[in-house]
$ cat structure_26.cif   # mmCIF, C-alpha atoms and all ligand atoms
data_data
loop_
_atom_site.label_atom_id
_atom_site.label_comp_id
_atom_site.auth_asym_id
_atom_site.auth_seq_id
_atom_site.Cartn_x
_atom_site.Cartn_y
_atom_site.Cartn_z
CA MET A 1 13.00 4.90 -16.93
CA SER A 2 16.68 5.09 -17.82
CA ALA A 3 18.11 8.41 -19.01
CA ASN A 4 19.44 6.40 -21.94
CA PRO A 5 17.75 7.38 -25.24
CA ILE A 6 17.62 3.80 -26.61
CA ARG A 7 14.13 2.33 -26.78
CA PRO A 8 13.05 -1.19 -27.75
CA THR A 9 10.43 -1.32 -30.50
CA ILE A 10 8.93 -4.46 -28.91
CA PRO A 11 8.11 -5.09 -25.23
CA LEU A 12 10.94 -6.69 -23.27
CA ASP A 13 8.42 -8.21 -20.84
CA GLY A 14 5.90 -9.64 -23.32
CA GLN A 15 5.01 -13.31 -23.69
CA GLY A 16 5.59 -15.24 -26.90
CA LYS A 17 8.11 -14.42 -29.61
CA ALA A 18 8.74 -10.98 -31.06
CA HIS A 19 11.33 -9.54 -33.41
CA GLY A 20 12.13 -5.83 -33.36
CA PHE A 21 14.92 -3.40 -32.72
CA LEU A 22 16.68 -1.40 -30.10
CA ARG A 23 16.30 2.06 -31.62
CA LEU A 24 19.15 4.46 -30.89
CA PRO A 25 18.46 8.04 -32.04
CA TYR A 26 21.42 9.14 -34.16
CA SER A 27 21.08 12.50 -35.86
CA ARG A 28 23.54 12.97 -38.70
CA ASN A 29 24.07 14.63 -42.06
CA ASP A 30 22.25 12.00 -44.11
CA SER A 31 19.36 11.47 -41.65
CA ALA A 32 18.35 14.43 -39.50
CA TRP A 33 16.11 12.54 -37.09
CA GLY A 34 17.65 9.16 -37.91
CA SER A 35 18.31 6.12 -35.78
CA VAL A 36 20.61 3.13 -35.44
CA MET A 37 18.31 0.07 -35.53
CA ILE A 38 19.86 -2.82 -33.58
CA PRO A 39 18.03 -6.12 -34.26
CA LEU A 40 16.41 -7.69 -31.19
CA THR A 41 14.43 -10.87 -30.55
CA VAL A 42 12.60 -11.66 -27.30
CA ILE A 43 11.22 -15.17 -26.68
CA ALA A 44 9.35 -15.59 -23.40
CA ASN A 45 7.06 -18.13 -21.83
CA GLY A 46 5.90 -18.25 -18.21
CA ASP A 47 8.16 -18.04 -15.20
CA GLY A 48 11.86 -18.76 -15.23
CA PRO A 49 15.25 -17.16 -15.59
CA THR A 50 16.26 -14.65 -18.25
CA ALA A 51 19.20 -15.20 -20.59
CA LEU A 52 20.75 -12.34 -22.56
CA LEU A 53 22.63 -13.55 -25.66
CA THR A 54 24.88 -11.15 -27.58
CA GLY A 55 27.08 -11.36 -30.68
CA ALA A 56 29.18 -8.87 -32.64
CA ASN A 57 30.41 -7.03 -29.56
CA HIS A 58 33.26 -6.68 -32.05
CA GLY A 59 31.88 -6.24 -35.55
CA ASP A 60 34.22 -8.62 -37.38
CA GLU A 61 33.52 -11.76 -35.29
CA TYR A 62 30.91 -13.99 -36.91
CA GLU A 63 30.17 -17.21 -34.99
CA GLY A 64 28.00 -15.41 -32.42
CA PRO A 65 25.88 -13.56 -34.98
CA ILE A 66 25.35 -16.80 -36.95
CA ALA A 67 24.34 -18.79 -33.87
CA LEU A 68 22.02 -16.07 -32.63
CA GLN A 69 20.29 -15.65 -35.99
CA GLN A 70 19.72 -19.41 -36.01
CA LEU A 71 18.34 -19.44 -32.44
CA ALA A 72 16.14 -16.37 -32.97
CA TRP A 73 14.69 -18.15 -36.00
CA GLU A 74 14.29 -21.61 -34.47
CA ILE A 75 13.37 -21.33 -30.80
CA GLU A 76 9.63 -21.31 -30.17
CA PRO A 77 8.03 -19.96 -27.00
CA GLN A 78 6.62 -23.34 -25.96
CA GLN A 79 10.22 -24.64 -25.69
CA VAL A 80 11.08 -21.85 -23.23
CA SER A 81 10.57 -21.48 -19.48
CA GLY A 82 11.52 -17.90 -18.75
CA ARG A 83 12.93 -15.50 -21.30
CA VAL A 84 15.62 -15.32 -23.97
CA ILE A 85 16.73 -11.85 -25.13
CA ILE A 86 18.79 -12.12 -28.33
CA VAL A 87 20.90 -9.32 -29.81
CA PRO A 88 22.95 -10.85 -32.66
CA TYR A 89 24.73 -7.57 -33.51
CA LEU A 90 25.55 -5.73 -30.29
CA ASN A 91 27.86 -3.22 -31.97
CA TYR A 92 25.58 -2.90 -34.96
CA PRO A 93 27.47 -0.09 -36.79
CA ALA A 94 30.71 -2.09 -36.47
CA PHE A 95 28.99 -5.27 -37.66
CA ARG A 96 27.65 -3.51 -40.76
CA ALA A 97 31.09 -2.12 -41.53
CA GLY A 98 32.83 -5.47 -40.86
CA THR A 99 35.17 -3.77 -38.40
CA ARG A 100 36.18 -4.45 -34.82
CA VAL A 101 35.30 -1.00 -33.51
CA SER A 102 32.44 1.27 -34.50
CA PRO A 103 33.03 3.37 -37.62
CA ILE A 104 30.84 6.10 -36.09
CA ASP A 105 32.96 6.91 -33.06
CA GLN A 106 35.95 4.51 -33.25
CA VAL A 107 34.91 3.09 -29.85
CA ASN A 108 35.75 -0.51 -28.94
CA MET A 109 32.47 -1.71 -27.40
CA ASN A 110 34.31 -4.08 -25.10
CA ARG A 111 36.24 -1.21 -23.52
CA ALA A 112 33.22 1.13 -23.27
CA PHE A 113 31.35 -0.32 -20.27
CA PRO A 114 29.55 0.86 -18.18
CA GLY A 115 29.04 3.40 -20.97
CA ARG A 116 27.35 6.78 -20.81
CA PRO A 117 23.71 7.70 -21.47
CA ASP A 118 24.95 11.04 -22.91
CA GLY A 119 28.00 9.65 -24.71
CA THR A 120 28.81 8.58 -28.26
CA PRO A 121 26.60 5.94 -29.98
CA SER A 122 28.79 3.07 -28.74
CA GLN A 123 28.84 4.48 -25.22
CA LYS A 124 25.03 4.76 -25.30
CA ILE A 125 24.68 1.14 -26.44
CA ALA A 126 27.02 -0.04 -23.69
CA ASN A 127 25.13 2.01 -21.14
CA TYR A 128 21.75 0.61 -22.21
CA PHE A 129 23.01 -2.93 -21.79
CA ASN A 130 24.66 -2.08 -18.47
CA ASP A 131 21.66 -0.26 -16.97
CA VAL A 132 18.64 -1.96 -18.60
CA LEU A 133 19.28 -5.39 -20.16
CA VAL A 134 21.94 -6.89 -17.87
CA PRO A 135 19.92 -6.15 -14.69
CA MET A 136 17.02 -8.14 -16.24
CA ALA A 137 19.25 -11.15 -16.92
CA ASP A 138 20.30 -14.07 -14.75
CA LEU A 139 22.74 -15.31 -17.36
CA VAL A 140 24.66 -13.52 -20.13
CA LEU A 141 26.40 -15.25 -23.05
CA ASP A 142 28.59 -12.87 -25.08
CA TYR A 143 30.28 -14.39 -28.11
CA HIS A 144 33.72 -13.47 -29.36
CA SER A 145 36.12 -14.81 -31.96
CA GLY A 146 39.46 -13.57 -33.16
CA GLY A 147 38.17 -11.09 -35.71
CA LYS A 148 40.33 -10.11 -38.65
CA THR A 149 43.62 -10.04 -36.73
CA LEU A 150 43.56 -13.07 -34.40
CA ASP A 151 42.69 -16.76 -34.65
CA PHE A 152 41.80 -18.92 -31.62
CA LEU A 153 41.38 -22.52 -30.66
CA PRO A 154 37.60 -22.79 -30.18
CA TYR A 155 36.93 -22.25 -26.49
CA ALA A 156 34.29 -21.03 -24.07
CA ALA A 157 35.65 -19.16 -21.09
CA ALA A 158 35.09 -18.01 -17.54
CA HIS A 159 37.15 -15.60 -15.49
CA TYR A 160 38.68 -15.94 -12.06
CA LEU A 161 36.32 -14.01 -9.74
CA ASP A 162 36.60 -12.92 -6.10
CA ASP A 163 33.17 -14.48 -5.45
CA LYS A 164 33.99 -18.19 -5.72
CA ASP A 165 30.31 -19.19 -5.65
CA GLN A 166 29.64 -16.95 -8.67
CA GLN A 167 32.79 -18.26 -10.36
CA ALA A 168 31.62 -21.87 -9.89
CA LYS A 169 28.25 -21.02 -11.50
CA CYS A 170 30.04 -19.36 -14.43
CA VAL A 171 32.36 -22.35 -14.86
CA ALA A 172 29.40 -24.77 -14.79
CA ALA A 173 27.67 -22.77 -17.56
CA VAL A 174 30.90 -22.59 -19.59
CA GLN A 175 31.36 -26.35 -19.29
CA ALA A 176 27.74 -26.84 -20.37
CA PHE A 177 28.52 -24.78 -23.51
CA GLY A 178 30.70 -27.73 -24.51
CA ALA A 179 33.27 -26.09 -26.78
CA PRO A 180 36.26 -28.28 -27.70
CA TYR A 181 38.29 -26.25 -25.17
CA THR A 182 37.24 -24.63 -21.90
CA MET A 183 39.40 -21.75 -20.70
CA MET A 184 39.95 -20.01 -17.38
CA MET A 185 40.80 -16.70 -18.97
CA LEU A 186 43.06 -13.90 -17.91
CA GLU A 187 42.39 -10.54 -19.57
CA ILE A 188 45.16 -8.21 -20.73
CA ASP A 189 43.01 -5.24 -19.70
CA SER A 190 39.63 -5.97 -18.08
CA VAL A 191 38.60 -2.34 -17.44
CA GLY A 192 35.55 -1.37 -19.49
CA MET A 193 34.74 -4.88 -20.67
CA PHE A 194 31.16 -6.12 -20.98
CA ASP A 195 32.41 -9.23 -19.14
CA THR A 196 33.48 -7.17 -16.14
CA ALA A 197 30.23 -5.16 -16.10
CA VAL A 198 28.13 -8.35 -16.12
CA GLU A 199 30.25 -10.10 -13.51
CA GLU A 200 30.15 -7.04 -11.23
CA GLN A 201 26.34 -7.25 -11.32
CA GLY A 202 26.63 -10.78 -9.90
CA LYS A 203 25.38 -12.55 -13.02
CA VAL A 204 26.43 -15.85 -14.56
CA PHE A 205 28.65 -14.96 -17.52
CA VAL A 206 29.88 -17.06 -20.42
CA THR A 207 32.17 -15.78 -23.14
CA THR A 208 33.90 -17.47 -26.05
CA GLU A 209 36.70 -17.26 -28.56
CA LEU A 210 35.61 -19.56 -31.37
CA GLY A 211 37.92 -19.00 -34.30
CA GLY A 212 38.92 -15.91 -36.19
CA GLY A 213 40.42 -14.39 -39.27
CA GLY A 214 37.29 -12.35 -39.92
CA THR A 215 35.14 -15.32 -40.98
CA ALA A 216 33.42 -18.43 -39.62
CA THR A 217 33.78 -22.07 -40.60
CA ALA A 218 31.13 -24.80 -40.68
CA ARG A 219 32.74 -26.30 -37.60
CA SER A 220 33.01 -23.07 -35.61
CA ALA A 221 29.43 -22.07 -36.46
CA GLU A 222 28.18 -25.46 -35.27
CA ILE A 223 30.11 -25.14 -32.01
CA ALA A 224 28.51 -21.73 -31.47
CA ILE A 225 24.96 -22.95 -32.11
CA ARG A 226 25.26 -26.07 -29.97
CA GLY A 227 26.91 -24.05 -27.20
CA ALA A 228 24.10 -21.54 -26.86
CA ARG A 229 21.48 -24.30 -26.86
CA ASN A 230 23.47 -26.15 -24.20
CA VAL A 231 23.79 -23.08 -21.99
CA LEU A 232 20.04 -22.42 -22.25
CA CYS A 233 19.25 -26.08 -21.42
CA HIS A 234 21.72 -25.99 -18.52
CA ALA A 235 19.92 -22.91 -17.14
CA GLY A 236 16.54 -24.62 -17.42
CA ILE A 237 15.32 -22.00 -19.90
CA LEU A 238 15.23 -24.24 -22.98
CA ALA A 239 13.62 -27.68 -22.93
CA GLY A 240 15.98 -30.57 -23.60
CA GLU A 241 19.23 -32.04 -22.39
CA VAL A 242 22.71 -30.57 -22.57
CA GLU A 243 24.49 -32.23 -25.49
CA THR A 244 27.72 -33.17 -23.78
CA ALA A 245 31.05 -33.11 -25.57
CA ASP A 246 34.63 -33.70 -24.49
CA SER A 247 36.33 -30.43 -23.64
CA ILE A 248 39.97 -29.87 -22.79
CA MET A 249 40.47 -27.55 -19.80
CA LEU A 250 42.91 -24.71 -20.40
CA ASP A 251 44.26 -22.03 -18.14
CA MET A 252 46.05 -18.73 -18.71
CA PRO A 253 47.94 -18.45 -15.44
CA GLY A 254 49.85 -15.23 -16.03
CA ASP A 255 50.90 -12.32 -18.22
CA ASP A 256 53.68 -14.48 -19.68
CA CYS A 257 51.01 -16.34 -21.73
CA PHE A 258 51.00 -13.37 -24.10
CA HIS A 259 53.67 -12.82 -26.74
CA PHE A 260 53.98 -9.53 -28.61
CA ALA A 261 55.86 -8.46 -31.73
CA THR A 262 58.74 -6.06 -31.13
CA ARG A 263 59.16 -5.04 -34.76
CA ASP A 264 57.19 -4.70 -37.97
CA GLY A 265 57.57 -7.35 -40.62
CA LEU A 266 56.59 -10.54 -42.39
CA LEU A 267 55.22 -13.22 -40.06
CA HIS A 268 56.72 -16.68 -40.42
CA PRO A 269 54.78 -19.03 -38.11
CA LEU A 270 56.70 -21.99 -36.73
CA VAL A 271 53.83 -23.58 -34.76
CA ASP A 272 50.10 -23.83 -35.36
CA LEU A 273 47.04 -23.61 -33.12
CA GLY A 274 46.81 -26.58 -30.74
CA ASP A 275 50.51 -27.46 -31.07
CA GLU A 276 52.42 -28.20 -27.87
CA VAL A 277 55.34 -25.88 -27.24
CA LYS A 278 58.21 -25.79 -24.77
CA SER A 279 59.60 -22.76 -22.97
CA GLY A 280 62.28 -21.16 -25.16
CA GLN A 281 61.01 -22.76 -28.36
CA ALA A 282 60.72 -20.42 -31.33
CA LEU A 283 57.04 -19.66 -32.08
CA ALA A 284 57.58 -17.41 -35.08
CA ARG A 285 60.11 -15.44 -37.06
CA ILE A 286 59.56 -11.87 -38.15
CA TRP A 287 61.41 -11.17 -41.40
CA PRO A 288 62.24 -7.60 -42.36
CA PRO A 289 59.55 -6.12 -44.61
CA ASP A 290 61.99 -4.02 -46.61
CA ARG A 291 65.15 -6.05 -47.41
CA SER A 292 66.56 -9.53 -47.80
CA GLY A 293 69.66 -10.99 -46.24
CA VAL A 294 68.99 -9.79 -42.69
CA GLU A 295 68.54 -12.17 -39.79
CA PRO A 296 64.89 -12.44 -38.65
CA VAL A 297 63.69 -11.65 -35.14
CA GLU A 298 62.62 -14.84 -33.40
CA VAL A 299 59.78 -14.83 -30.89
CA THR A 300 60.25 -17.58 -28.33
CA ALA A 301 57.81 -19.20 -25.92
CA ASN A 302 57.77 -17.74 -22.41
CA ARG A 303 56.47 -21.03 -21.01
CA ASP A 304 55.41 -24.60 -21.80
CA GLY A 305 51.86 -25.08 -23.07
CA ILE A 306 49.78 -25.19 -26.23
CA LEU A 307 49.28 -22.46 -28.80
CA ALA A 308 45.76 -21.15 -28.07
CA ALA A 309 45.77 -17.99 -30.21
CA ARG A 310 47.83 -16.55 -33.01
CA HIS A 311 48.14 -13.40 -35.04
CA PHE A 312 46.20 -13.90 -38.27
CA PRO A 313 47.38 -11.47 -40.99
CA GLY A 314 50.64 -12.22 -42.75
CA LEU A 315 52.15 -8.86 -41.84
CA VAL A 316 52.76 -7.82 -38.24
CA GLN A 317 53.30 -4.48 -36.59
CA SER A 318 55.39 -3.88 -33.50
CA GLY A 319 53.11 -4.39 -30.49
CA ASP A 320 50.76 -6.89 -32.14
CA CYS A 321 49.75 -9.89 -30.06
CA LEU A 322 51.52 -12.71 -31.92
CA ALA A 323 50.73 -15.72 -29.80
CA VAL A 324 48.96 -16.83 -26.64
CA ILE A 325 50.15 -19.97 -24.88
CA ALA A 326 47.69 -21.68 -22.57
CA VAL A 327 48.39 -24.55 -20.22
CA THR A 328 46.29 -27.65 -19.74
CA GLY A 329 44.36 -26.87 -16.59
CA GLU A 330 42.68 -28.60 -13.70
CA LYS A 331 39.04 -29.42 -14.10
CA GLN A 332 37.21 -26.59 -12.34
CA GLY A 333 34.15 -27.35 -10.30
ZN ZN I 401 35.80 -9.87 -29.63
#
$ encode --input "structure_26.cif" --output "structure tokens" --more "lines below"
Ligand code: ZN
Amino acid sequence: MSANPIRPTIPLDGQGKAHGFLRLPYSRNDSAWGSVMIPLTVIANGDGPTALLTGANHGDEYEGPIALQQLAWEIEPQQVSGRVIIVPYLNYPAFRAGTRVSPIDQVNMNRAFPGRPDGTPSQKIANYFNDVLVPMADLVLDYHSGGKTLDFLPYAAAHYLDDKDQQAKCVAAVQAFGAPYTMMMLEIDSVGMFDTAVEEQGKVFVTTELGGGGTATARSAEIAIRGARNVLCHAGILAGEVETADSIMLDMPGDDCFHFATRDGLLHPLVDLGDEVKSGQALARIWPPDRSGVEPVEVTANRDGILAARHFPGLVQSGDCLAVIAVTGEKQG
């Protein structure tokens, strides 16, 4: 048994459908022998692969939690060959607070992997997934969206991996997801990510960025639900056919895709998500927050492409990611 103190309140290897919790002991002033109760659903039937589905890795991203609540409610064991482990609210304290990082320890779950069995609550959650749940899984789908500070074109994504056979399996699953855009994603900082931990264990990994602004839309929620069903059908775990949809391939070929603010101020967008931009074109102005009559700072495109992500709040701070430009990519196979 893992040294990690988290225990499921339902069997992870049972047959049928069960709803319970991952119980994380968390002793504190208002609850001496208290716990963090992370909702968990396991749906299993016979032999087959295991899928691990997670939402709210960041607590202010909502498409994943919505899709996973819907699937945990709807999917019946007789539709399943294998096992589906659903955790709609991975960083449960952050989800309850509506914040990106956990209010308990200020840890960003997606920089906490592989975690620590003797660490803070977020580190313990990361460690339980790394050491217990991911090893059980053949396939992991971890949902993200922009949260309160970013907004994305809706895409599912795979990463460039050293193991090209594993990368091809990830890309096939991402294409099965069937989001309007499919991204080969470059990370600013991949150390400590759930993505990296899953990929290093040799698993098929699908992630997403499905919207943002700290809310979901009818359209983005629908993309999330259909995507998870498609990935499960593609893996042979859920009965039925993949519901195919046209998806535009995107690529983030280098660090110059990212554009950062170099001063605080009032954000004046000059292009919107999905717009085509040319190298040198102004993407946004940043007006001074404290006076009128001063020339704004202009942020210009480092390269040709389309605007795939943008800063969401109307005020920016120096260092904020303002824009991400992706390029239309080759179809991966
Ligand atoms: Zn996220």
$ closest_residue --input "structure_26.cif" --among "A:Cys257, A:Ile237, A:Ala282, A:Val242" --to "Asp47 (chain A)" --atoms "all atoms listed in the file"
A:Ile237
$ residues_near_ligand --input "structure_26.cif" --ligand "ligand ZN 401 (chain I)" --cutoff "10 Å" --atoms "all atoms listed in the file" --output "VMD selection string"
chain A and resid 55 to 62 64 100 to 101 108 to 110 142 to 147 150 207 to 210 212
$ residues_around --input "structure_26.cif" --residues "Leu68 (chain A)" --least-positions-apart "2" --cutoff "8 Å" --atoms "only C-alpha atoms" --output "list in words"
Leu53, Thr54, Gly55, Gly64, Pro65, Ile66, Gln70, Leu71, Ala72, Ile86, Val87, Pro88 and Ile225 of chain A
$ closest_residue --input "structure_26.cif" --among "A:Gly202, A:Gly211, A:Gly227, A:Gly16" --to "Gln175 (chain A)" --atoms "only C-alpha atoms"
A:Gly227
$ closest_residue --input "structure_26.cif" --among "A:Pro103, A:Gly115, A:Pro39, A:Gly14" --to "Gly82 (chain A)" --atoms "all atoms listed in the file"
A:Gly14
$ residues_around --input "structure_26.cif" --residues "region 308-321 of chain A" --least-positions-apart "5" --cutoff "8 Å" --atoms "all atoms listed in the file" --output "list of chain:residue names"
A:Lys148, A:Thr149, A:Leu150, A:Asp151, A:Phe152, A:Leu153, A:Gly212, A:Gly213, A:Phe258, A:His259, A:Phe260, A:Ala261, A:Thr262, A:Arg263, A:Asp264, A:Gly265, A:Leu266, A:Leu267, A:His268, A:Asp272, A:Leu273, A:Gly274, A:Ile286, A:Ala326
$ residues_around --input "structure_26.cif" --residues "Leu238 (chain A)" --least-positions-apart "4" --cutoff "8 Å" --atoms "only C-alpha atoms" --output "count of residues only"
6
$ closest_residue --input "structure_26.cif" --among "A:Ile6, A:Ala44, A:Val271, A:Met249" --to "Ala301 (chain A)" --atoms "all atoms listed in the file"
A:Val271
$ closest_residue --input "structure_26.cif" --among "A:Met136, A:Asp189, A:Leu141, A:Glu199" --to "Asp162 (chain A)" --atoms "all atoms listed in the file"
A:Glu199
$ closest_residue --input "structure_26.cif" --among "A:Arg303, A:Ala126, A:Pro117, A:Leu52" --to "Val206 (chain A)" --atoms "all atoms listed in the file"
A:Leu52
$ build_atoms --input "structure_26.cif" --residues "region 246-274 of chain A" --atoms "N, CA and C atoms" --output "JSON list (two decimals), in the frame of the given file"
[["chain", "number", "residue", "atom", "x", "y", "z"],
["A", 246, "ASP", "N", 33.35, -33.77, -25.19],
["A", 246, "ASP", "CA", 34.63, -33.70, -24.49],
["A", 246, "ASP", "C", 35.23, -32.31, -24.67],
["A", 247, "SER", "N", 35.74, -31.76, -23.59],
["A", 247, "SER", "CA", 36.33, -30.43, -23.64],
["A", 247, "SER", "C", 37.64, -30.45, -22.86],
["A", 248, "ILE", "N", 38.66, -29.91, -23.44],
["A", 248, "ILE", "CA", 39.97, -29.87, -22.79],
["A", 248, "ILE", "C", 40.06, -28.59, -21.97],
["A", 249, "MET", "N", 40.37, -28.72, -20.67],
["A", 249, "MET", "CA", 40.47, -27.55, -19.80],
["A", 249, "MET", "C", 41.80, -26.82, -20.05],
["A", 250, "LEU", "N", 41.71, -25.54, -20.23],
["A", 250, "LEU", "CA", 42.91, -24.71, -20.40],
["A", 250, "LEU", "C", 42.91, -23.60, -19.37],
["A", 251, "ASP", "N", 44.09, -23.09, -19.12],
["A", 251, "ASP", "CA", 44.26, -22.03, -18.14],
["A", 251, "ASP", "C", 45.28, -21.04, -18.69],
["A", 252, "MET", "N", 45.06, -19.77, -18.37],
["A", 252, "MET", "CA", 46.05, -18.73, -18.71],
["A", 252, "MET", "C", 46.55, -18.16, -17.40],
["A", 253, "PRO", "N", 47.59, -18.77, -16.82],
["A", 253, "PRO", "CA", 47.94, -18.45, -15.44],
["A", 253, "PRO", "C", 48.66, -17.12, -15.25],
["A", 254, "GLY", "N", 49.13, -16.48, -16.28],
["A", 254, "GLY", "CA", 49.85, -15.23, -16.03],
["A", 254, "GLY", "C", 50.10, -14.42, -17.29],
["A", 255, "ASP", "N", 50.64, -13.22, -17.09],
["A", 255, "ASP", "CA", 50.90, -12.32, -18.22],
["A", 255, "ASP", "C", 51.87, -12.94, -19.22],
["A", 256, "ASP", "N", 52.69, -13.90, -18.77],
["A", 256, "ASP", "CA", 53.68, -14.48, -19.68],
["A", 256, "ASP", "C", 53.03, -15.42, -20.72],
["A", 257, "CYS", "N", 51.72, -15.59, -20.67],
["A", 257, "CYS", "CA", 51.01, -16.34, -21.73],
["A", 257, "CYS", "C", 51.02, -15.55, -23.04],
["A", 258, "PHE", "N", 51.13, -14.23, -22.92],
["A", 258, "PHE", "CA", 51.00, -13.37, -24.10],
["A", 258, "PHE", "C", 52.37, -13.07, -24.69],
["A", 259, "HIS", "N", 52.43, -13.09, -26.01],
["A", 259, "HIS", "CA", 53.67, -12.82, -26.74],
["A", 259, "HIS", "C", 53.40, -11.72, -27.77],
["A", 260, "PHE", "N", 54.22, -10.69, -27.75],
["A", 260, "PHE", "CA", 53.98, -9.53, -28.61],
["A", 260, "PHE", "C", 55.14, -9.31, -29.57],
["A", 261, "ALA", "N", 54.82, -8.79, -30.75],
["A", 261, "ALA", "CA", 55.86, -8.46, -31.73],
["A", 261, "ALA", "C", 56.62, -7.22, -31.26],
["A", 262, "THR", "N", 57.93, -7.23, -31.50],
["A", 262, "THR", "CA", 58.74, -6.06, -31.13],
["A", 262, "THR", "C", 59.27, -5.33, -32.37],
["A", 263, "ARG", "N", 58.81, -5.79, -33.55],
["A", 263, "ARG", "CA", 59.16, -5.04, -34.76],
["A", 263, "ARG", "C", 58.10, -5.33, -35.83],
["A", 264, "ASP", "N", 58.06, -4.49, -36.81],
["A", 264, "ASP", "CA", 57.19, -4.70, -37.97],
["A", 264, "ASP", "C", 57.82, -5.77, -38.86],
["A", 265, "GLY", "N", 56.98, -6.44, -39.64],
["A", 265, "GLY", "CA", 57.57, -7.35, -40.62],
["A", 265, "GLY", "C", 56.63, -8.40, -41.15],
["A", 266, "LEU", "N", 57.27, -9.41, -41.77],
["A", 266, "LEU", "CA", 56.59, -10.54, -42.39],
["A", 266, "LEU", "C", 56.56, -11.69, -41.40],
["A", 267, "LEU", "N", 55.37, -12.17, -41.08],
["A", 267, "LEU", "CA", 55.22, -13.22, -40.06],
["A", 267, "LEU", "C", 55.48, -14.60, -40.65],
["A", 268, "HIS", "N", 56.39, -15.32, -40.02],
["A", 268, "HIS", "CA", 56.72, -16.68, -40.42],
["A", 268, "HIS", "C", 56.37, -17.60, -39.24],
["A", 269, "PRO", "N", 55.17, -18.18, -39.24],
["A", 269, "PRO", "CA", 54.78, -19.03, -38.11],
["A", 269, "PRO", "C", 55.60, -20.31, -38.08],
["A", 270, "LEU", "N", 55.95, -20.74, -36.90],
["A", 270, "LEU", "CA", 56.70, -21.99, -36.73],
["A", 270, "LEU", "C", 55.89, -23.05, -35.99],
["A", 271, "VAL", "N", 54.76, -22.63, -35.39],
["A", 271, "VAL", "CA", 53.83, -23.58, -34.76],
["A", 271, "VAL", "C", 52.42, -23.15, -35.12],
["A", 272, "ASP", "N", 51.50, -24.10, -35.05],
["A", 272, "ASP", "CA", 50.10, -23.83, -35.36],
["A", 272, "ASP", "C", 49.22, -23.99, -34.12],
["A", 273, "LEU", "N", 47.99, -23.51, -34.22],
["A", 273, "LEU", "CA", 47.04, -23.61, -33.12],
["A", 273, "LEU", "C", 46.93, -25.06, -32.65],
["A", 274, "GLY", "N", 46.94, -25.24, -31.33],
["A", 274, "GLY", "CA", 46.81, -26.58, -30.74],
["A", 274, "GLY", "C", 48.12, -27.31, -30.59]]
